file coords_28.txt (compact mmCIF, C-alpha atoms)
# COMPACT_ATOMS: atom_id res chain seq x y z
CA MET A 36 -46.61 16.49 44.91
CA LEU A 37 -43.50 18.65 44.68
CA LEU A 38 -39.85 17.56 45.09
CA GLY A 39 -37.16 19.89 46.37
CA ILE A 40 -33.41 19.60 46.97
CA ASP A 41 -31.18 21.97 48.95
CA LEU A 42 -27.57 21.49 47.89
CA GLY A 43 -25.42 22.62 50.80
CA GLY A 44 -21.69 22.54 51.35
CA THR A 45 -21.83 19.69 53.87
CA LYS A 46 -25.25 18.10 53.34
CA ILE A 47 -27.92 17.68 50.69
CA ALA A 48 -31.46 17.93 52.02
CA GLY A 49 -34.47 16.66 50.10
CA ILE A 50 -38.19 16.99 50.64
CA ALA A 51 -41.47 15.98 49.06
CA ILE A 52 -44.46 18.15 49.93
CA ASP A 53 -48.12 18.15 49.03
CA ARG A 54 -48.65 21.14 46.76
CA LEU A 55 -51.99 22.19 48.19
CA SER A 56 -51.49 21.70 51.91
CA GLY A 57 -47.71 22.08 52.15
CA ARG A 58 -47.63 18.90 54.21
CA THR A 59 -44.29 17.08 54.29
CA LEU A 60 -44.58 13.66 52.67
CA ALA A 61 -40.93 12.64 52.86
CA HIS A 62 -37.75 14.24 54.14
CA MET A 63 -34.17 12.99 53.83
CA ARG A 64 -30.57 14.21 54.16
CA VAL A 65 -27.31 12.83 52.84
CA PRO A 66 -23.70 14.09 53.06
CA THR A 67 -22.52 16.28 50.20
CA PRO A 68 -19.70 14.65 48.17
CA ARG A 69 -17.44 17.69 48.55
CA ASP A 70 -15.17 18.53 45.62
CA ASP A 71 -16.74 15.67 43.63
CA TYR A 72 -18.97 17.00 40.84
CA ALA A 73 -19.97 13.62 39.41
CA GLY A 74 -20.63 12.33 42.91
CA THR A 75 -22.84 15.34 43.62
CA LEU A 76 -24.92 14.67 40.50
CA ALA A 77 -25.34 11.03 41.48
CA ALA A 78 -26.26 11.87 45.08
CA ILE A 79 -28.96 14.30 44.00
CA GLY A 80 -30.45 11.87 41.48
CA ASP A 81 -30.52 9.05 44.01
CA LEU A 82 -32.04 11.27 46.68
CA ALA A 83 -34.81 12.43 44.33
CA THR A 84 -35.67 8.81 43.48
CA ARG A 85 -35.82 7.80 47.14
CA LEU A 86 -37.96 10.83 48.01
CA GLU A 87 -40.47 10.12 45.28
CA GLN A 88 -40.71 6.47 46.23
CA ALA A 89 -41.23 7.29 49.91
CA ALA A 90 -43.76 10.04 49.21
CA ARG A 91 -45.92 7.95 46.90
CA ILE A 92 -46.79 5.64 49.76
CA ALA A 93 -47.62 8.56 52.09
CA PRO A 94 -51.33 9.00 52.91
CA THR A 95 -51.61 12.22 50.88
CA GLY A 96 -49.32 11.43 47.95
CA ILE A 97 -49.88 12.40 44.33
CA ALA A 98 -52.44 9.68 43.65
CA GLN A 99 -54.65 11.06 46.42
CA THR A 100 -54.38 14.78 45.52
CA GLY A 101 -54.69 14.16 41.81
CA ILE A 102 -52.49 17.20 41.09
CA ALA A 103 -49.01 17.11 39.61
CA PRO A 104 -46.72 19.89 38.45
CA THR A 105 -45.78 20.42 34.83
CA GLY A 106 -42.40 19.17 33.70
CA ILE A 107 -42.98 15.44 34.28
CA ALA A 108 -40.38 13.55 32.24
CA PRO A 109 -41.40 10.95 29.62
CA THR A 110 -40.38 8.33 32.17
CA GLY A 111 -43.14 9.62 34.48
CA MET A 112 -40.63 10.86 37.05
CA LEU A 113 -41.46 14.10 38.80
CA PRO A 114 -39.33 17.19 38.21
CA ILE A 115 -37.11 18.57 40.92
CA GLY A 116 -36.43 22.08 42.14
CA ILE A 117 -32.95 22.66 43.51
CA GLY A 118 -31.54 25.41 45.67
CA ILE A 119 -27.82 26.02 45.25
CA PRO A 120 -25.28 28.34 46.92
CA GLY A 121 -24.80 30.29 43.70
CA ALA A 122 -26.66 31.06 40.47
CA ILE A 123 -26.80 30.14 36.80
CA SER A 124 -25.13 32.83 34.71
CA PRO A 125 -27.48 34.23 32.06
CA LYS A 126 -24.37 34.81 29.92
CA THR A 127 -22.82 31.34 29.98
CA GLY A 128 -25.48 29.02 31.37
CA LEU A 129 -22.92 27.86 33.93
CA VAL A 130 -22.92 28.10 37.73
CA LYS A 131 -21.30 31.24 39.13
CA ASN A 132 -20.66 32.68 42.59
CA ALA A 133 -20.97 29.34 44.40
CA ASN A 134 -18.95 29.02 47.58
CA SER A 135 -19.08 25.27 46.92
CA LEU A 136 -16.32 25.87 44.43
CA TRP A 137 -16.57 22.55 42.56
CA LEU A 138 -19.94 23.66 41.18
CA ASN A 139 -18.65 26.81 39.49
CA ASP A 140 -18.36 26.92 35.68
CA ARG A 141 -20.50 23.80 35.33
CA PRO A 142 -23.86 23.40 33.49
CA LEU A 143 -25.39 22.00 36.66
CA ASP A 144 -29.04 22.12 35.58
CA ARG A 145 -28.37 20.37 32.27
CA ASP A 146 -26.05 17.81 33.83
CA LEU A 147 -28.58 17.01 36.55
CA ALA A 148 -31.37 16.61 34.00
CA ALA A 149 -29.22 14.25 31.95
CA ALA A 150 -28.03 12.25 34.95
CA SER A 151 -31.41 11.95 36.68
CA GLY A 152 -33.81 11.81 33.74
CA ARG A 153 -35.87 14.56 35.36
CA ALA A 154 -36.75 18.11 34.47
CA VAL A 155 -34.76 20.49 36.69
CA ARG A 156 -35.16 24.07 37.89
CA LEU A 157 -32.38 25.76 39.85
CA ALA A 158 -32.42 28.86 42.01
CA ASN A 159 -30.14 30.45 44.56
CA ASP A 160 -30.75 29.00 48.02
CA ALA A 161 -31.72 32.38 49.49
CA ASN A 162 -34.26 32.86 46.70
CA CYS A 163 -35.72 29.49 47.66
CA LEU A 164 -35.96 30.69 51.26
CA ALA A 165 -37.83 33.79 50.07
CA VAL A 166 -40.30 31.71 48.03
CA SER A 167 -40.92 29.31 50.91
CA GLU A 168 -41.59 31.97 53.51
CA ALA A 169 -43.72 34.01 51.10
CA SER A 170 -45.80 30.92 50.30
CA ASP A 171 -46.76 29.59 53.71
CA GLY A 172 -44.17 30.87 56.15
CA ALA A 173 -43.43 33.91 58.26
CA ALA A 174 -44.03 36.30 55.32
CA ALA A 175 -47.12 34.60 53.88
CA GLY A 176 -49.14 37.09 51.88
CA ALA A 177 -46.37 39.70 51.64
CA GLY A 178 -45.93 41.08 48.14
CA VAL A 179 -42.16 41.68 48.22
CA VAL A 180 -40.03 39.52 50.51
CA PHE A 181 -36.32 39.94 51.12
CA ALA A 182 -34.89 36.76 52.64
CA VAL A 183 -31.43 36.45 54.14
CA ILE A 184 -29.33 33.48 55.15
CA LEU A 185 -27.01 34.20 58.05
CA GLY A 186 -24.68 31.30 58.71
CA THR A 187 -21.30 30.23 57.38
CA GLY A 188 -21.90 32.83 54.68
CA VAL A 189 -24.42 35.61 54.07
CA GLY A 190 -26.95 35.18 51.28
CA GLY A 191 -29.93 37.17 50.13
CA GLY A 192 -32.88 36.59 47.83
CA ILE A 193 -36.07 38.26 46.69
CA ALA A 194 -39.55 36.91 46.04
CA ILE A 195 -42.21 39.08 44.41
CA GLN A 196 -45.77 37.80 44.67
CA GLY A 197 -44.32 34.44 45.65
CA ARG A 198 -42.03 34.13 42.61
CA VAL A 199 -38.25 34.35 42.50
CA HIS A 200 -36.88 37.65 41.28
CA HIS A 201 -33.57 36.71 39.68
CA GLY A 202 -32.59 40.07 38.20
CA ALA A 203 -30.95 40.76 34.84
CA ASP A 204 -27.64 39.26 35.98
CA ALA A 205 -29.11 36.61 38.33
CA ILE A 206 -27.68 38.37 41.39
CA ALA A 207 -30.74 40.14 42.79
CA GLY A 208 -30.56 40.31 46.58
CA GLU A 209 -26.85 39.54 46.90
CA TRP A 210 -26.35 41.97 49.75
CA GLY A 211 -23.52 39.89 51.23
CA HIS A 212 -21.07 41.17 48.65
CA VAL A 213 -21.49 44.90 49.03
CA PRO A 214 -19.48 46.90 51.57
CA MET A 215 -20.84 47.35 55.07
CA PRO A 216 -22.76 50.65 54.84
CA TRP A 217 -21.98 53.65 57.02
CA ALA A 218 -18.72 52.08 58.15
CA GLN A 219 -17.75 52.96 61.70
CA PRO A 220 -14.43 53.31 63.47
CA TRP A 221 -16.25 51.03 65.89
CA SER A 222 -19.89 50.22 66.50
CA ARG A 223 -22.02 49.69 69.53
CA THR A 224 -25.62 49.56 70.61
CA ALA A 225 -26.83 53.01 71.59
CA GLY A 226 -26.06 53.76 75.23
CA ALA A 227 -23.86 50.72 75.77
CA ALA A 228 -20.14 50.98 76.44
CA LEU A 229 -17.52 48.89 74.72
CA PRO A 230 -14.38 47.65 76.43
CA PRO A 231 -11.22 49.74 76.20
CA ASP A 232 -9.33 49.34 72.90
CA ALA A 233 -12.46 48.33 70.99
CA ASP A 234 -12.11 51.42 68.84
CA ARG A 235 -8.84 49.97 67.54
CA VAL A 236 -10.83 47.51 65.39
CA PRO A 237 -12.32 49.67 62.61
CA GLU A 238 -14.59 48.34 59.89
CA LEU A 239 -12.51 49.65 57.01
CA PRO A 240 -10.89 48.32 54.95
CA GLY A 241 -12.42 45.20 56.49
CA PRO A 242 -11.54 41.51 56.36
CA ALA A 243 -10.68 39.84 53.08
CA CYS A 244 -13.58 38.10 51.34
CA TYR A 245 -13.43 35.00 49.13
CA CYS A 246 -14.92 37.10 46.30
CA GLY A 247 -11.61 38.95 46.08
CA ARG A 248 -12.69 42.16 47.77
CA SER A 249 -12.49 43.36 51.36
CA GLY A 250 -15.06 44.54 53.87
CA CYS A 251 -18.07 42.76 52.34
CA ILE A 252 -21.10 42.39 54.57
CA GLU A 253 -20.48 38.63 54.57
CA THR A 254 -17.09 39.10 56.23
CA LEU A 255 -18.74 40.84 59.20
CA LEU A 256 -22.23 39.34 59.56
CA SER A 257 -21.52 35.65 58.88
CA GLY A 258 -20.81 33.24 61.72
CA PRO A 259 -17.07 33.29 60.97
CA GLY A 260 -17.34 37.08 60.71
CA LEU A 261 -18.68 37.28 64.25
CA ALA A 262 -15.96 34.92 65.49
CA GLY A 263 -13.25 36.88 63.72
CA ASP A 264 -14.45 40.17 65.18
CA ALA A 265 -14.35 38.74 68.69
CA ALA A 266 -10.80 37.54 68.05
CA ARG A 267 -9.72 40.98 66.84
CA LEU A 268 -11.23 42.58 69.93
CA ARG A 269 -9.07 40.22 71.97
CA GLY A 270 -6.00 41.54 70.19
CA GLN A 271 -5.33 38.58 67.88
CA ASP A 272 -3.63 39.31 64.58
CA GLU A 273 -5.54 39.16 61.29
CA ALA A 274 -4.35 35.68 60.33
CA SER A 275 -5.47 34.30 63.69
CA ALA A 276 -8.79 36.15 63.47
CA LEU A 277 -9.55 34.74 60.01
CA ALA A 278 -8.88 31.24 61.36
CA CYS A 279 -11.61 31.69 64.01
CA ARG A 280 -14.79 30.18 62.57
CA SER A 281 -16.99 29.34 65.55
CA ALA A 282 -19.82 31.74 66.28
CA GLU A 283 -21.07 29.17 68.78
CA ALA A 284 -17.98 29.74 70.93
CA VAL A 285 -18.58 33.50 70.94
CA ILE A 286 -22.20 33.03 72.01
CA ALA A 287 -21.16 30.61 74.75
CA ASP A 288 -18.52 33.04 76.02
CA ALA A 289 -21.02 35.89 76.03
CA ARG A 290 -23.44 33.84 78.10
CA GLN A 291 -20.65 33.41 80.62
CA GLY A 292 -20.17 37.18 80.79
CA ASP A 293 -17.06 37.45 78.61
CA GLU A 294 -16.59 41.17 77.91
CA MET A 295 -15.11 40.87 74.43
CA ALA A 296 -17.68 38.32 73.28
CA ILE A 297 -20.48 40.62 74.45
CA ALA A 298 -18.83 43.52 72.62
CA ALA A 299 -18.62 41.47 69.42
CA ILE A 300 -22.35 40.67 69.63
CA MET A 301 -23.19 44.34 70.18
CA ARG A 302 -21.13 45.31 67.14
CA TRP A 303 -22.79 42.55 65.10
CA ARG A 304 -26.29 43.81 65.97
CA HIS A 305 -25.33 47.37 65.04
CA ARG A 306 -24.01 46.17 61.69
CA LEU A 307 -27.12 44.11 60.98
CA GLY A 308 -29.28 47.19 61.56
CA ARG A 309 -27.22 49.27 59.16
CA ALA A 310 -27.20 46.54 56.51
CA PHE A 311 -30.98 46.08 56.73
CA ALA A 312 -31.47 49.87 56.52
CA MET A 313 -29.55 49.82 53.24
CA VAL A 314 -31.82 47.03 51.93
CA ILE A 315 -34.97 48.90 52.93
CA ASN A 316 -33.70 52.14 51.39
CA LEU A 317 -33.15 50.31 48.09
CA LEU A 318 -35.99 47.78 47.97
CA ASP A 319 -38.49 48.76 50.69
CA PRO A 320 -39.75 45.16 51.02
CA ASP A 321 -42.99 44.21 52.73
CA ALA A 322 -41.06 41.82 54.99
CA ILE A 323 -37.50 40.74 55.77
CA VAL A 324 -37.13 37.07 56.71
CA ILE A 325 -34.02 35.71 58.40
CA GLY A 326 -32.89 32.11 58.02
CA GLY A 327 -29.66 30.23 58.58
CA GLY A 328 -27.95 29.04 61.73
CA LEU A 329 -27.55 32.49 63.31
CA SER A 330 -31.31 33.06 63.08
CA GLN A 331 -31.70 30.59 65.94
CA VAL A 332 -29.56 32.63 68.37
CA PRO A 333 -31.75 34.86 70.60
CA GLU A 334 -28.85 37.14 71.53
CA LEU A 335 -28.50 38.04 67.87
CA MET A 336 -32.14 38.07 66.78
CA ASP A 337 -34.29 39.36 69.62
CA ALA A 338 -33.20 42.99 69.42
CA ILE A 339 -34.07 43.38 65.75
CA THR A 340 -37.15 41.15 65.53
CA CYS A 341 -38.89 42.51 68.64
CA ASP A 342 -38.45 46.16 67.62
CA PRO A 343 -36.27 46.93 64.59
CA THR A 344 -36.52 50.72 64.99
CA PRO A 345 -33.55 51.33 67.35
CA LEU A 346 -31.13 49.42 65.10
CA ILE A 347 -32.54 50.30 61.65
CA GLY A 348 -34.20 53.67 62.18
CA PRO A 349 -31.08 55.87 62.57
CA TRP A 350 -29.89 54.85 59.09
CA LEU A 351 -33.20 54.78 57.23
CA PHE A 352 -34.26 57.48 54.77
CA SER A 353 -37.71 57.55 56.33
CA ASP A 354 -39.55 58.82 59.37
CA ARG A 355 -40.55 55.32 60.50
CA VAL A 356 -39.56 51.66 60.27
CA ARG A 357 -42.61 49.75 59.11
CA THR A 358 -40.89 46.71 57.57
CA PRO A 359 -41.32 43.65 59.83
CA VAL A 360 -38.18 41.61 60.47
CA VAL A 361 -39.03 37.98 61.24
CA VAL A 362 -37.29 34.64 61.66
CA ALA A 363 -38.12 31.98 59.06
CA ARG A 364 -41.10 29.91 60.14
CA HIS A 365 -39.86 26.69 58.54
CA GLY A 366 -36.36 26.90 60.02
CA ASP A 367 -33.78 24.65 58.39
CA ASP A 368 -36.41 23.24 56.03
CA SER A 369 -37.42 26.56 54.53
CA GLY A 370 -34.90 26.58 51.69
CA VAL A 371 -35.66 23.05 50.55
CA ARG A 372 -39.41 23.72 50.71
CA GLY A 373 -38.90 26.76 48.51
CA ALA A 374 -36.89 24.68 46.07
CA ALA A 375 -39.83 22.31 45.75
CA ARG A 376 -42.14 25.23 45.05
CA LEU A 377 -40.08 26.24 42.03
CA TRP A 378 -42.34 23.77 40.22
CA ASP A 379 -45.60 24.93 41.75
CA VAL A 380 -47.88 25.42 38.73
CA ALA A 381 -50.21 27.61 40.79
CA ARG A 382 -47.51 30.28 40.92
call {"tool": "encode", "arguments": {"input": "coords_28.txt", "output": "structure tokens"}}
result
Amino acid sequence: MLLGIDLGGTKIAGIAIDRLSGRTLAHMRVPTPRDDYAGTLAAIGDLATRLEQAARIAPTGIAQTGIAPTGIAPTGMLPIGIGIPGAISPKTGLVKNANSLWLNDRPLDRDLAAASGRAVRLANDANCLAVSEASDGAAAGAGVVFAVILGTGVGGGIAIQGRVHHGADAIAGEWGHVPMPWAQPWSRTAGAALPPDADRVPELPGPACYCGRSGCIETLLSGPGLAGDAARLRGQDEASALACRSAEAVIADARQGDEMAIAAIMRWRHRLGRAFAMVINLLDPDAIVIGGGLSQVPELMDAITCDPTPLIGPWLFSDRVRTPVVVARHGDDSGVRGAARLWDVAR
């Protein structure tokens, strides 16, 4: 049996899975104690205990499979794998780059181990997504998997032969914090017209990013990035555009035929194609897997998953686009399943 935790900004998800079959034995969610570090530690420890208790009475729990991961604490408690919206710095051993700011500059893995009495492994949440989908998901069997999270933010992670590739600085795959490649005065799907004045919303220098720079991919391809672009197309000033956070409203408006919302979606697709072309030029993965809330929106996904060539091909340093682009098979559970597999001794 494997235990996984996905530490999100608003909720903490937990899962227990059977290592061999991947079957879910227990699944729970609790609210994240925002801005409360001690409360976060306690919530994770309590959730792990409840998961293990619930899973041990499941029909295919650890007693039935007879297989347990390494790392079992002297107390007999199972270890936990945890996906976080950041990474552990190899230099300091502290969390860095987390958009859940109360986690930064903390020894989260050591504090969790001390608070819970369990062995702990941490990985970036997008890396956990990559491991999950490479193990038994949409990219099963692929040697190199690039996984992206498109939602409130934009994350990226890499799995090679089913294992996390952290990189020398623990930032491998962080495509969200590089500039949008091949920046355009405006962007559109080939052959489609944009409304008048759309060319007045250039990509450079780009919106401000929480990392301190401007024009990062995250500022344009996240849900708030899509909402902000639609607001700019409508002529709103930058402060008003940055306050727009709802991609759902843009999608709803587009479905009602709103011209500016449709234009924003077209621009978003064009940008996604360019950003993925950059990834393929650098990494040439065997598969790209998309997770996060935006992955469930057909208007955003269908064009690139059905045939990625029109969006990626013009920017690729190749004569073909062979890399499949797929939506995560396990949906919202993919990251937490990958966190559990951080302790998979077969890997």
call {"tool": "closest_residue", "arguments": {"input": "coords_28.txt", "among": "A:Arg302, A:Arg141, A:Lys131, A:His200", "to": "Leu377 (chain A)", "atoms": "all atoms listed in the file"}}
result
A:His200
call {"tool": "residues_around", "arguments": {"input": "coords_28.txt", "residues": "Ser353 (chain A)", "least_positions_apart": "5", "cutoff": "12 Å", "atoms": "only C-alpha atoms", "output": "ChimeraX atom specification"}}
result
/A:312-313,315-317,319,344,347-348,358
call {"tool": "residues_around", "arguments": {"input": "coords_28.txt", "residues": "Ala282 (chain A)", "least_positions_apart": "6", "cutoff": "8 Å", "atoms": "all atoms listed in the file", "output": "ChimeraX atom specification"}}
result
/A:258-259,261-262
call {"tool": "residues_around", "arguments": {"input": "coords_28.txt", "residues": "Ala194 (chain A)", "least_positions_apart": "3", "cutoff": "7 Å", "atoms": "all atoms listed in the file", "output": "PyMOL selection string"}}
result
chain A and resi 162+165-166+179-181+197-200
call {"tool": "atom_distance", "arguments": {"input": "coords_28.txt", "atom1": "CA of Thr254 (chain A)", "atom2": "CA of Pro242 (chain A)"}}
result
6.1 Å
call {"tool": "closest_residue", "arguments": {"input": "coords_28.txt", "among": "A:Ala177, A:Leu351, A:His212, A:Leu268", "to": "Asp293 (chain A)", "atoms": "all atoms listed in the file"}}
result
A:Leu268
call {"tool": "residues_around", "arguments": {"input": "coords_28.txt", "residues": "Asp368 (chain A)", "least_positions_apart": "4", "cutoff": "9 Å", "atoms": "all atoms listed in the file", "output": "PDB file with C-alpha atoms, in the frame of the given file"}}
result
ATOM      1  CA  ASP A  41     -31.180  21.970  48.950  1.00  0.00           C
ATOM      2  CA  ALA A  48     -31.460  17.930  52.020  1.00  0.00           C
ATOM      3  CA  ILE A  50     -38.190  16.990  50.640  1.00  0.00           C
ATOM      4  CA  LEU A 164     -35.960  30.690  51.260  1.00  0.00           C
ATOM      5  CA  ARG A 372     -39.410  23.720  50.710  1.00  0.00           C
ATOM      6  CA  GLY A 373     -38.900  26.760  48.510  1.00  0.00           C
TER       7      GLY A 373
END
call {"tool": "closest_residue", "arguments": {"input": "coords_28.txt", "among": "A:Asp144, A:Asp204, A:Glu334, A:Asp160", "to": "Gly80 (chain A)", "atoms": "only C-alpha atoms"}}
result
A:Asp144
call {"tool": "closest_residue", "arguments": {"input": "coords_28.txt", "among": "A:Ala338, A:Asn132, A:Glu168, A:Ile117", "to": "Gly247 (chain A)", "atoms": "all atoms listed in the file"}}
result
A:Asn132
call {"tool": "residues_around", "arguments": {"input": "coords_28.txt", "residues": "region 149-158 of chain A", "least_positions_apart": "5", "cutoff": "9 Å", "atoms": "only C-alpha atoms", "output": "number ranges by chain"}}
result
A: 76-77, 79-81, 83-84, 106-123, 143-144, 163, 199, 201, 374, 377-378
call {"tool": "build_atoms", "arguments": {"input": "coords_28.txt", "residues": "region 323-332 of chain A", "atoms": "all heavy atoms", "output": "mmCIF file, keeping the file's coordinate frame"}}
result
data_model
loop_
_atom_site.group_PDB
_atom_site.id
_atom_site.type_symbol
_atom_site.label_atom_id
_atom_site.label_comp_id
_atom_site.auth_asym_id
_atom_site.auth_seq_id
_atom_site.Cartn_x
_atom_site.Cartn_y
_atom_site.Cartn_z
ATOM 1 N N ILE A 323 -38.839 41.331 55.807
ATOM 2 C CA ILE A 323 -37.500 40.740 55.770
ATOM 3 C C ILE A 323 -37.553 39.476 56.615
ATOM 4 O O ILE A 323 -37.985 39.509 57.765
ATOM 5 C CB ILE A 323 -36.440 41.709 56.333
ATOM 6 C CG1 ILE A 323 -36.287 42.934 55.430
ATOM 7 C CG2 ILE A 323 -35.092 40.998 56.477
ATOM 8 C CD1 ILE A 323 -35.326 43.976 55.973
ATOM 9 N N VAL A 324 -37.130 38.368 56.023
ATOM 10 C CA VAL A 324 -37.130 37.070 56.710
ATOM 11 C C VAL A 324 -35.690 36.611 56.887
ATOM 12 O O VAL A 324 -34.896 36.659 55.946
ATOM 13 C CB VAL A 324 -37.922 36.019 55.920
ATOM 14 C CG1 VAL A 324 -37.920 34.687 56.664
ATOM 15 C CG2 VAL A 324 -39.350 36.471 55.684
ATOM 16 N N ILE A 325 -35.379 36.152 58.088
ATOM 17 C CA ILE A 325 -34.020 35.710 58.400
ATOM 18 C C ILE A 325 -33.993 34.196 58.594
ATOM 19 O O ILE A 325 -34.753 33.647 59.396
ATOM 20 C CB ILE A 325 -33.488 36.385 59.673
ATOM 21 C CG1 ILE A 325 -33.629 37.907 59.578
ATOM 22 C CG2 ILE A 325 -32.032 36.000 59.913
ATOM 23 C CD1 ILE A 325 -33.241 38.633 60.851
ATOM 24 N N GLY A 326 -33.128 33.533 57.848
ATOM 25 C CA GLY A 326 -32.890 32.110 58.020
ATOM 26 C C GLY A 326 -31.411 31.856 58.259
ATOM 27 O O GLY A 326 -30.611 32.787 58.384
ATOM 28 N N GLY A 327 -31.038 30.594 58.310
ATOM 29 C CA GLY A 327 -29.660 30.230 58.580
ATOM 30 C C GLY A 327 -29.420 29.992 60.056
ATOM 31 O O GLY A 327 -30.250 30.309 60.909
ATOM 32 N N GLY A 328 -28.242 29.444 60.362
ATOM 33 C CA GLY A 328 -27.950 29.040 61.730
ATOM 34 C C GLY A 328 -27.999 30.177 62.733
ATOM 35 O O GLY A 328 -28.463 29.997 63.866
ATOM 36 N N LEU A 329 -27.552 31.383 62.363
ATOM 37 C CA LEU A 329 -27.550 32.490 63.310
ATOM 38 C C LEU A 329 -28.955 32.973 63.644
ATOM 39 O O LEU A 329 -29.147 33.644 64.662
ATOM 40 C CB LEU A 329 -26.705 33.651 62.768
ATOM 41 C CG LEU A 329 -25.225 33.374 62.525
ATOM 42 C CD1 LEU A 329 -24.496 34.659 62.142
ATOM 43 C CD2 LEU A 329 -24.562 32.737 63.745
ATOM 44 N N SER A 330 -29.927 32.635 62.808
ATOM 45 C CA SER A 330 -31.310 33.060 63.080
ATOM 46 C C SER A 330 -31.885 32.370 64.307
ATOM 47 O O SER A 330 -32.929 32.790 64.812
ATOM 48 C CB SER A 330 -32.196 32.777 61.865
ATOM 49 O OG SER A 330 -32.432 31.385 61.705
ATOM 50 N N GLN A 331 -31.214 31.325 64.775
ATOM 51 C CA GLN A 331 -31.700 30.590 65.940
ATOM 52 C C GLN A 331 -31.041 31.043 67.239
ATOM 53 O O GLN A 331 -31.238 30.421 68.282
ATOM 54 C CB GLN A 331 -31.447 29.091 65.729
ATOM 55 C CG GLN A 331 -32.080 28.523 64.471
ATOM 56 C CD GLN A 331 -33.580 28.754 64.423
ATOM 57 O OE1 GLN A 331 -34.302 28.397 65.366
ATOM 58 N NE2 GLN A 331 -34.061 29.353 63.343
ATOM 59 N N VAL A 332 -30.278 32.141 67.191
ATOM 60 C CA VAL A 332 -29.560 32.630 68.370
ATOM 61 C C VAL A 332 -30.296 33.851 68.927
ATOM 62 O O VAL A 332 -30.272 34.926 68.313
ATOM 63 C CB VAL A 332 -28.109 33.009 68.020
ATOM 64 C CG1 VAL A 332 -27.390 33.517 69.271
ATOM 65 C CG2 VAL A 332 -27.380 31.817 67.424
#
